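> Below are the structure tokens for one structure; questions will follow.
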Amino acid sequence: VIGRMVDVTASGMMMIANKGLEAKQVMKLRVNVPTVIAGKDVIECRGILRWCRPDPNPRFYRVGIEFLDIEGEDASILENVMHKLNLVG
């Protein structure tokens, strides 16, 4: 699945995905960080799909994922990136 992260917290994220997914799936996540922070440009962890809904654009879906085993430092890096891109309210 290819998606774009649009919101993130230390416990999970929402992304816009290119296809619909079934809830309760455990997925391996690979998040490319757009700016190199703390020496990393990729963060990997597992997550469980909590929900999937159609996006207003019928070609995409909104997907909610809860992180299962993300390291605290990696969660902070994701949140920092989202704040710097003004994608967290």
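Residue numbering restarts at 1 for every chain of the structure tokens, chains are lettered A, B, ... in their displayed order, and ligands are numbered from 1 as they appear.
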As a list of chain:residue names, please: the residues near segment 13-26 of chain A (cut-off 8 Å, only C-alpha atoms, same-chain neighbours under 5 positions excluded).
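Answer for this query is A:Val1, A:Ile2, A:Gly3, A:Arg4, A:Met5, A:Val6, A:Asp7, A:Val8, A:Arg46, A:Gly47, A:Ile48, A:Leu49, A:Arg50, A:Trp51, A:Cys52, A:Arg53, A:Pro54, A:Asp55, A:Arg59, A:Phe60, A:Tyr61, A:Arg62, A:Val63, A:Gly64, A:Ile65, A:Glu66, A:Phe67.
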> Print the selection's residues with C-alpha atoms to a file, as an mmCIF file, in the first residue's frame.

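Result file follows (result03.cif):
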data_model
loop_
_atom_site.group_PDB
_atom_site.id
_atom_site.type_symbol
_atom_site.label_atom_id
_atom_site.label_comp_id
_atom_site.auth_asym_id
_atom_site.auth_seq_id
_atom_site.Cartn_x
_atom_site.Cartn_y
_atom_site.Cartn_z
ATOM 1 C CA VAL A 1 0.000 0.000 0.000
ATOM 2 C CA ILE A 2 1.257 3.444 -0.844
ATOM 3 C CA GLY A 3 0.025 6.331 1.240
ATOM 4 C CA ARG A 4 0.703 9.837 2.410
ATOM 5 C CA MET A 5 0.782 10.582 6.123
ATOM 6 C CA VAL A 6 -1.473 13.533 6.925
ATOM 7 C CA ASP A 7 -1.580 13.448 10.747
ATOM 8 C CA VAL A 8 0.525 11.766 13.416
ATOM 9 C CA ARG A 46 4.519 -2.180 12.934
ATOM 10 C CA GLY A 47 1.011 -0.838 13.199
ATOM 11 C CA ILE A 48 -2.543 -2.138 13.360
ATOM 12 C CA LEU A 49 -5.163 -0.754 11.018
ATOM 13 C CA ARG A 50 -7.982 0.626 13.180
ATOM 14 C CA TRP A 51 -10.282 2.063 10.507
ATOM 15 C CA CYS A 52 -10.567 2.788 6.787
ATOM 16 C CA ARG A 53 -13.011 5.228 5.179
ATOM 17 C CA PRO A 54 -13.468 6.581 1.671
ATOM 18 C CA ASP A 55 -11.736 9.910 1.065
ATOM 19 C CA ARG A 59 -9.594 7.429 -5.869
ATOM 20 C CA PHE A 60 -8.305 7.347 -2.265
ATOM 21 C CA TYR A 61 -9.061 6.169 1.289
ATOM 22 C CA ARG A 62 -8.406 7.610 4.751
ATOM 23 C CA VAL A 63 -6.731 5.070 7.019
ATOM 24 C CA GLY A 64 -6.168 5.171 10.800
ATOM 25 C CA ILE A 65 -3.208 3.178 12.105
ATOM 26 C CA GLU A 66 -2.141 2.609 15.715
ATOM 27 C CA PHE A 67 1.584 2.082 16.213
#
> Which residues in chain A does DSSP call strand (DSSP E)? List them as a PyMOL selection string.
chain A and resi 3-8+12-17+26-37+40-54+61-67
> Between A:Leu85, A:Pro58, A:Asn80, A:Ile70, single out the one closest to Arg30 of chain A, counting only C-alpha atoms.
A:Ile70
> Find the residues around Pro34 of chain A up to 9 Å (only C-alpha atoms counted), leave out those fewer than 6 positions away in its own chain, and share them as a PyMOL selection string.
chain A and resi 41-42+81
> Just N, CA and C atoms for this one: save the residues we selected as a CSV table (one decimal), in the first residue's frame.

chain,number,residue,atom,x,y,z
A,41,ASP,N,16.3,9.1,8.0
A,41,ASP,CA,15.3,9.6,6.9
A,41,ASP,C,14.2,8.6,6.7
A,42,VAL,N,14.3,7.4,7.4
A,42,VAL,CA,13.3,6.4,7.3
A,42,VAL,C,13.0,5.9,8.7
A,81,VAL,N,8.4,16.3,12.6
A,81,VAL,CA,8.3,16.5,11.1
A,81,VAL,C,6.9,17.1,10.8
> To one decimal place, how far is atom CA of Ser11 of chain A from atom CA of Pro56 of chain A in Å?
25.1 Å
> Could you pull out the residues in chain A that DSSP calls alpha helix (DSSP H) from the backbone, as a list in words?
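Reading the DSSP output for chain A, alpha helix (DSSP H) covers Gly72, Glu73, Asp74, Ala75, Ser76, Ile77, Leu78, Glu79, Asn80, Val81, Met82, His83 and Lys84 of chain A.
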> Got time to write the residues from that selection, N, CA and C atoms, as a CSV table (one decimal), in the first residue's frame?

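The resulting file, out_28.csv, is shown below:
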chain,number,residue,atom,x,y,z
A,72,GLY,N,10.2,5.3,21.1
A,72,GLY,CA,9.9,6.7,21.6
A,72,GLY,C,10.5,7.8,20.8
A,73,GLU,N,11.8,7.6,20.5
A,73,GLU,CA,12.5,8.6,19.7
A,73,GLU,C,12.0,8.7,18.3
A,74,ASP,N,11.6,7.6,17.7
A,74,ASP,CA,11.0,7.6,16.3
A,74,ASP,C,9.7,8.3,16.3
A,75,ALA,N,8.8,8.1,17.3
A,75,ALA,CA,7.5,8.7,17.5
A,75,ALA,C,7.7,10.3,17.6
A,76,SER,N,8.7,10.7,18.3
A,76,SER,CA,9.0,12.1,18.5
A,76,SER,C,9.5,12.7,17.2
A,77,ILE,N,10.3,12.0,16.4
A,77,ILE,CA,10.8,12.4,15.1
A,77,ILE,C,9.6,12.7,14.2
A,78,LEU,N,8.7,11.7,14.1
A,78,LEU,CA,7.5,11.9,13.3
A,78,LEU,C,6.7,13.1,13.7
A,79,GLU,N,6.4,13.2,15.0
A,79,GLU,CA,5.7,14.4,15.4
A,79,GLU,C,6.4,15.7,15.1
A,80,ASN,N,7.7,15.8,15.2
A,80,ASN,CA,8.5,17.0,14.9
A,80,ASN,C,8.3,17.3,13.4
A,81,VAL,N,8.4,16.3,12.6
A,81,VAL,CA,8.3,16.5,11.1
A,81,VAL,C,6.9,17.1,10.8
A,82,MET,N,5.9,16.5,11.4
A,82,MET,CA,4.5,16.9,11.1
A,82,MET,C,4.3,18.4,11.6
A,83,HIS,N,4.9,18.7,12.7
A,83,HIS,CA,4.7,20.1,13.2
A,83,HIS,C,5.5,21.1,12.3
A,84,LYS,N,6.6,20.7,11.9
A,84,LYS,CA,7.4,21.6,11.0
A,84,LYS,C,6.7,21.8,9.6
